[in-house]
>>> print(open('my_file_24.pdb').read())   # PDB, C-alpha atoms
ATOM      1  CA  MET A   1     206.084 231.593  27.532  1.00  0.00           C
ATOM      2  CA  PRO A   2     207.580 231.760  31.007  1.00  0.00           C
ATOM      3  CA  GLU A   3     211.209 232.736  31.267  1.00  0.00           C
ATOM      4  CA  GLY A   4     213.333 230.171  33.068  1.00  0.00           C
ATOM      5  CA  ILE A   5     212.680 227.955  36.016  1.00  0.00           C
ATOM      6  CA  LEU A   6     211.208 230.722  38.184  1.00  0.00           C
ATOM      7  CA  GLY A   7     208.478 231.339  35.607  1.00  0.00           C
ATOM      8  CA  TRP A   8     207.596 227.655  35.520  1.00  0.00           C
ATOM      9  CA  ILE A   9     207.510 227.535  39.326  1.00  0.00           C
ATOM     10  CA  LEU A  10     205.035 230.419  39.404  1.00  0.00           C
ATOM     11  CA  ILE A  11     202.904 228.753  36.743  1.00  0.00           C
ATOM     12  CA  GLY A  12     203.207 225.528  38.757  1.00  0.00           C
ATOM     13  CA  LEU A  13     201.557 227.187  41.745  1.00  0.00           C
ATOM     14  CA  VAL A  14     198.518 227.952  39.613  1.00  0.00           C
ATOM     15  CA  ALA A  15     198.682 224.536  37.937  1.00  0.00           C
ATOM     16  CA  GLY A  16     198.666 222.821  41.337  1.00  0.00           C
ATOM     17  CA  VAL A  17     195.496 224.642  42.332  1.00  0.00           C
ATOM     18  CA  LEU A  18     193.911 223.894  38.944  1.00  0.00           C
ATOM     19  CA  GLY A  19     194.953 220.247  39.300  1.00  0.00           C
ATOM     20  CA  LYS A  20     193.183 220.105  42.664  1.00  0.00           C
ATOM     21  CA  ILE A  21     190.055 221.604  41.081  1.00  0.00           C
ATOM     22  CA  ILE A  22     190.173 219.142  38.173  1.00  0.00           C
ATOM     23  CA  MET A  23     190.842 216.160  40.459  1.00  0.00           C
ATOM     24  CA  PRO A  24     188.969 216.864  43.682  1.00  0.00           C
ATOM     25  CA  GLY A  25     189.152 214.459  46.539  1.00  0.00           C
ATOM     26  CA  LYS A  26     191.154 213.642  49.580  1.00  0.00           C
ATOM     27  CA  ASP A  27     194.879 213.695  48.929  1.00  0.00           C
ATOM     28  CA  PRO A  28     197.295 212.096  51.367  1.00  0.00           C
ATOM     29  CA  GLY A  29     199.378 215.264  51.617  1.00  0.00           C
ATOM     30  CA  GLY A  30     196.762 217.992  51.441  1.00  0.00           C
ATOM     31  CA  ILE A  31     196.797 221.194  49.426  1.00  0.00           C
ATOM     32  CA  ILE A  32     200.477 221.975  50.061  1.00  0.00           C
ATOM     33  CA  VAL A  33     201.619 218.671  48.558  1.00  0.00           C
ATOM     34  CA  THR A  34     199.191 219.182  45.673  1.00  0.00           C
ATOM     35  CA  ILE A  35     200.723 222.583  44.930  1.00  0.00           C
ATOM     36  CA  LEU A  36     204.232 221.112  45.121  1.00  0.00           C
ATOM     37  CA  ILE A  37     203.136 218.394  42.705  1.00  0.00           C
ATOM     38  CA  GLY A  38     201.780 221.171  40.470  1.00  0.00           C
ATOM     39  CA  ILE A  39     205.165 222.868  40.488  1.00  0.00           C
ATOM     40  CA  ALA A  40     206.867 219.575  39.632  1.00  0.00           C
ATOM     41  CA  GLY A  41     204.330 218.949  36.867  1.00  0.00           C
ATOM     42  CA  ALA A  42     204.904 222.414  35.436  1.00  0.00           C
ATOM     43  CA  LEU A  43     208.669 221.984  35.448  1.00  0.00           C
ATOM     44  CA  LEU A  44     208.306 218.569  33.855  1.00  0.00           C
ATOM     45  CA  ALA A  45     205.927 219.903  31.199  1.00  0.00           C
ATOM     46  CA  GLY A  46     208.222 222.858  30.518  1.00  0.00           C
ATOM     47  CA  PHE A  47     211.069 220.447  29.880  1.00  0.00           C
ATOM     48  CA  ILE A  48     209.286 217.644  28.007  1.00  0.00           C
ATOM     49  CA  ALA A  49     206.828 219.587  25.819  1.00  0.00           C
ATOM     50  CA  PRO A  50     209.472 221.277  23.632  1.00  0.00           C
ATOM     51  CA  GLN A  51     211.334 217.972  23.352  1.00  0.00           C
ATOM     52  CA  ILE A  52     208.302 216.303  21.748  1.00  0.00           C
ATOM     53  CA  GLY A  53     207.562 219.267  19.497  1.00  0.00           C
ATOM     54  CA  VAL A  54     204.807 221.035  21.454  1.00  0.00           C
ATOM     55  CA  ASP A  55     204.956 224.808  20.976  1.00  0.00           C
ATOM     56  CA  LEU A  56     204.619 226.673  24.273  1.00  0.00           C
ATOM     57  CA  SER A  57     204.939 230.165  22.812  1.00  0.00           C
ATOM     58  CA  THR A  58     201.673 231.455  24.279  1.00  0.00           C
ATOM     59  CA  THR A  59     200.746 231.841  27.917  1.00  0.00           C
ATOM     60  CA  PHE A  60     197.632 229.691  27.484  1.00  0.00           C
ATOM     61  CA  ARG A  61     199.639 226.785  26.094  1.00  0.00           C
ATOM     62  CA  SER A  62     202.133 227.071  28.940  1.00  0.00           C
ATOM     63  CA  TYR A  63     199.374 226.950  31.553  1.00  0.00           C
ATOM     64  CA  ALA A  64     197.646 224.087  29.744  1.00  0.00           C
ATOM     65  CA  ALA A  65     200.859 222.049  29.604  1.00  0.00           C
ATOM     66  CA  ALA A  66     201.638 222.806  33.256  1.00  0.00           C
ATOM     67  CA  THR A  67     198.133 221.859  34.352  1.00  0.00           C
ATOM     68  CA  LEU A  68     198.266 218.631  32.354  1.00  0.00           C
ATOM     69  CA  GLY A  69     201.626 217.825  33.950  1.00  0.00           C
ATOM     70  CA  ALA A  70     200.186 218.552  37.394  1.00  0.00           C
ATOM     71  CA  VAL A  71     197.149 216.338  36.808  1.00  0.00           C
ATOM     72  CA  VAL A  72     199.300 213.464  35.540  1.00  0.00           C
ATOM     73  CA  LEU A  73     201.665 213.684  38.507  1.00  0.00           C
ATOM     74  CA  LEU A  74     198.752 214.034  40.931  1.00  0.00           C
ATOM     75  CA  ALA A  75     197.146 210.883  39.489  1.00  0.00           C
ATOM     76  CA  LEU A  76     200.442 209.002  39.801  1.00  0.00           C
ATOM     77  CA  TYR A  77     200.887 210.277  43.358  1.00  0.00           C
ATOM     78  CA  ARG A  78     197.419 209.088  44.330  1.00  0.00           C
ATOM     79  CA  LEU A  79     198.093 205.698  42.753  1.00  0.00           C
ATOM     80  CA  VAL A  80     201.384 205.246  44.603  1.00  0.00           C
ATOM     81  CA  MET A  81     200.015 206.454  47.945  1.00  0.00           C
ATOM     82  CA  ALA A  82     196.908 204.241  47.634  1.00  0.00           C
ATOM     83  CA  ARG A  83     199.113 201.171  47.225  1.00  0.00           C
ATOM     84  CA  ARG A  84     201.251 202.124  50.238  1.00  0.00           C
ATOM     85  CA  THR A  85     198.322 202.072  52.652  1.00  0.00           C
TER      86      THR A  85
END
>>> encode(input="my_file_24.pdb", output="structure tokens")
Amino acid sequence: MPEGILGWILIGLVAGVLGKIIMPGKDPGGIIVTILIGIAGALLAGFIAPQIGVDLSTTFRSYAAATLGAVVLLALYRLVMARRT
């Protein structure tokens, strides 16, 4: 499990890239925004997962939760940006 916010930010970098691989396509903000969304998704997953009883004691579970958070936020971002244009 990552230690503190810095650990989740580093995992978020990887989760952002994985989120882009899982959800390919043209994003309004490009790869930088996708990575930032990955960081936000990782931080969100790191906060919410223990609250709902998900055990993040292994590195794999931490990356899986962060990637899931990144994909969810990326999908929401695409939805919001599609409605704006």
>>> residues_near_point(input="my_file_24.pdb", point="(199.1, 213.4, 36.5)", cutoff="12 Å", atoms="only C-alpha atoms", output="ChimeraX atom specification")
/A:15-16,18-20,22-23,34,37-42,44-45,65-80
>>> atom_distance(input="my_file_24.pdb", atom1="CA of Thr58 (chain A)", atom2="CA of Gly7 (chain A)")
13.2 Å
>>> closest_residue(input="my_file_24.pdb", among="A:Ile35, A:Ala82, A:Leu6, A:Ala49", to="Ala64 (chain A)", atoms="all atoms listed in the file")
A:Ala49
>>> residues_around(input="my_file_24.pdb", residues="Pro50 (chain A)", least_positions_apart="4", cutoff="12 Å", atoms="only C-alpha atoms", output="ChimeraX atom specification")
/A:1,43-46,54-57,61-62,65
>>> atom_distance(input="my_file_24.pdb", atom1="CA of Gly25 (chain A)", atom2="CA of Arg84 (chain A)")
17.7 Å
>>> atom_distance(input="my_file_24.pdb", atom1="CA of Ile11 (chain A)", atom2="CA of Ile32 (chain A)")
15.1 Å
>>> closest_residue(input="my_file_24.pdb", among="A:Gly53, A:Phe47, A:Lys26, A:Tyr63", to="Gly12 (chain A)", atoms="only C-alpha atoms")
A:Tyr63
>>> build_atoms(input="my_file_24.pdb", residues="region 59-70 of chain A", atoms="all heavy atoms", output="PDB file, in the frame of the given file")
ATOM      1  N   THR A  59     200.980 232.048  26.492  1.00  0.00           N
ATOM      2  CA  THR A  59     200.746 231.841  27.917  1.00  0.00           C
ATOM      3  C   THR A  59     199.722 230.742  28.148  1.00  0.00           C
ATOM      4  O   THR A  59     199.877 229.908  29.047  1.00  0.00           O
ATOM      5  CB  THR A  59     200.273 233.155  28.565  1.00  0.00           C
ATOM      6  OG1 THR A  59     201.245 234.164  28.305  1.00  0.00           O
ATOM      7  CG2 THR A  59     200.091 233.001  30.054  1.00  0.00           C
ATOM      8  N   PHE A  60     198.664 230.711  27.326  1.00  0.00           N
ATOM      9  CA  PHE A  60     197.632 229.691  27.484  1.00  0.00           C
ATOM     10  C   PHE A  60     198.213 228.294  27.323  1.00  0.00           C
ATOM     11  O   PHE A  60     197.915 227.388  28.104  1.00  0.00           O
ATOM     12  CB  PHE A  60     196.496 229.911  26.480  1.00  0.00           C
ATOM     13  CG  PHE A  60     195.451 228.833  26.551  1.00  0.00           C
ATOM     14  CD1 PHE A  60     194.526 228.815  27.576  1.00  0.00           C
ATOM     15  CD2 PHE A  60     195.421 227.816  25.609  1.00  0.00           C
ATOM     16  CE1 PHE A  60     193.568 227.814  27.655  1.00  0.00           C
ATOM     17  CE2 PHE A  60     194.473 226.805  25.671  1.00  0.00           C
ATOM     18  CZ  PHE A  60     193.546 226.812  26.697  1.00  0.00           C
ATOM     19  N   ARG A  61     199.045 228.105  26.321  1.00  0.00           N
ATOM     20  CA  ARG A  61     199.639 226.785  26.094  1.00  0.00           C
ATOM     21  C   ARG A  61     200.548 226.386  27.250  1.00  0.00           C
ATOM     22  O   ARG A  61     200.623 225.219  27.630  1.00  0.00           O
ATOM     23  CB  ARG A  61     200.411 226.767  24.789  1.00  0.00           C
ATOM     24  CG  ARG A  61     199.526 226.825  23.576  1.00  0.00           C
ATOM     25  CD  ARG A  61     200.329 226.815  22.316  1.00  0.00           C
ATOM     26  NE  ARG A  61     199.462 226.981  21.153  1.00  0.00           N
ATOM     27  CZ  ARG A  61     199.896 227.120  19.942  1.00  0.00           C
ATOM     28  NH1 ARG A  61     201.201 227.132  19.701  1.00  0.00           N
ATOM     29  NH2 ARG A  61     199.060 227.264  18.938  1.00  0.00           N
ATOM     30  N   SER A  62     201.260 227.356  27.797  1.00  0.00           N
ATOM     31  CA  SER A  62     202.133 227.071  28.940  1.00  0.00           C
ATOM     32  C   SER A  62     201.313 226.625  30.146  1.00  0.00           C
ATOM     33  O   SER A  62     201.656 225.647  30.815  1.00  0.00           O
ATOM     34  CB  SER A  62     202.944 228.306  29.304  1.00  0.00           C
ATOM     35  OG  SER A  62     203.785 228.678  28.241  1.00  0.00           O
ATOM     36  N   TYR A  63     200.236 227.331  30.430  1.00  0.00           N
ATOM     37  CA  TYR A  63     199.374 226.950  31.553  1.00  0.00           C
ATOM     38  C   TYR A  63     198.701 225.607  31.300  1.00  0.00           C
ATOM     39  O   TYR A  63     198.557 224.802  32.217  1.00  0.00           O
ATOM     40  CB  TYR A  63     198.317 228.026  31.822  1.00  0.00           C
ATOM     41  CG  TYR A  63     198.812 229.151  32.693  1.00  0.00           C
ATOM     42  CD1 TYR A  63     199.230 230.349  32.139  1.00  0.00           C
ATOM     43  CD2 TYR A  63     198.871 229.004  34.072  1.00  0.00           C
ATOM     44  CE1 TYR A  63     199.701 231.383  32.936  1.00  0.00           C
ATOM     45  CE2 TYR A  63     199.332 230.021  34.878  1.00  0.00           C
ATOM     46  CZ  TYR A  63     199.749 231.216  34.302  1.00  0.00           C
ATOM     47  OH  TYR A  63     200.218 232.218  35.086  1.00  0.00           O
ATOM     48  N   ALA A  64     198.287 225.362  30.068  1.00  0.00           N
ATOM     49  CA  ALA A  64     197.646 224.087  29.744  1.00  0.00           C
ATOM     50  C   ALA A  64     198.629 222.929  29.928  1.00  0.00           C
ATOM     51  O   ALA A  64     198.283 221.891  30.519  1.00  0.00           O
ATOM     52  CB  ALA A  64     197.109 224.106  28.316  1.00  0.00           C
ATOM     53  N   ALA A  65     199.856 223.101  29.456  1.00  0.00           N
ATOM     54  CA  ALA A  65     200.859 222.049  29.604  1.00  0.00           C
ATOM     55  C   ALA A  65     201.191 221.832  31.079  1.00  0.00           C
ATOM     56  O   ALA A  65     201.303 220.693  31.542  1.00  0.00           O
ATOM     57  CB  ALA A  65     202.117 222.410  28.825  1.00  0.00           C
ATOM     58  N   ALA A  66     201.327 222.914  31.830  1.00  0.00           N
ATOM     59  CA  ALA A  66     201.638 222.806  33.256  1.00  0.00           C
ATOM     60  C   ALA A  66     200.509 222.125  34.016  1.00  0.00           C
ATOM     61  O   ALA A  66     200.750 221.284  34.888  1.00  0.00           O
ATOM     62  CB  ALA A  66     201.912 224.192  33.839  1.00  0.00           C
ATOM     63  N   THR A  67     199.283 222.474  33.685  1.00  0.00           N
ATOM     64  CA  THR A  67     198.133 221.859  34.352  1.00  0.00           C
ATOM     65  C   THR A  67     198.041 220.375  34.008  1.00  0.00           C
ATOM     66  O   THR A  67     197.776 219.543  34.879  1.00  0.00           O
ATOM     67  CB  THR A  67     196.838 222.590  33.979  1.00  0.00           C
ATOM     68  OG1 THR A  67     196.973 223.967  34.335  1.00  0.00           O
ATOM     69  CG2 THR A  67     195.640 222.004  34.695  1.00  0.00           C
ATOM     70  N   LEU A  68     198.265 220.039  32.749  1.00  0.00           N
ATOM     71  CA  LEU A  68     198.266 218.631  32.354  1.00  0.00           C
ATOM     72  C   LEU A  68     199.358 217.864  33.099  1.00  0.00           C
ATOM     73  O   LEU A  68     199.125 216.759  33.605  1.00  0.00           O
ATOM     74  CB  LEU A  68     198.450 218.487  30.845  1.00  0.00           C
ATOM     75  CG  LEU A  68     198.467 217.069  30.302  1.00  0.00           C
ATOM     76  CD1 LEU A  68     197.126 216.387  30.551  1.00  0.00           C
ATOM     77  CD2 LEU A  68     198.789 217.072  28.826  1.00  0.00           C
ATOM     78  N   GLY A  69     200.542 218.456  33.199  1.00  0.00           N
ATOM     79  CA  GLY A  69     201.626 217.825  33.950  1.00  0.00           C
ATOM     80  C   GLY A  69     201.258 217.634  35.401  1.00  0.00           C
ATOM     81  O   GLY A  69     201.545 216.594  36.006  1.00  0.00           O
ATOM     82  N   ALA A  70     200.602 218.639  35.993  1.00  0.00           N
ATOM     83  CA  ALA A  70     200.186 218.552  37.394  1.00  0.00           C
ATOM     84  C   ALA A  70     199.145 217.456  37.591  1.00  0.00           C
ATOM     85  O   ALA A  70     199.217 216.692  38.562  1.00  0.00           O
ATOM     86  CB  ALA A  70     199.628 219.890  37.857  1.00  0.00           C
TER      87      ALA A  70
END
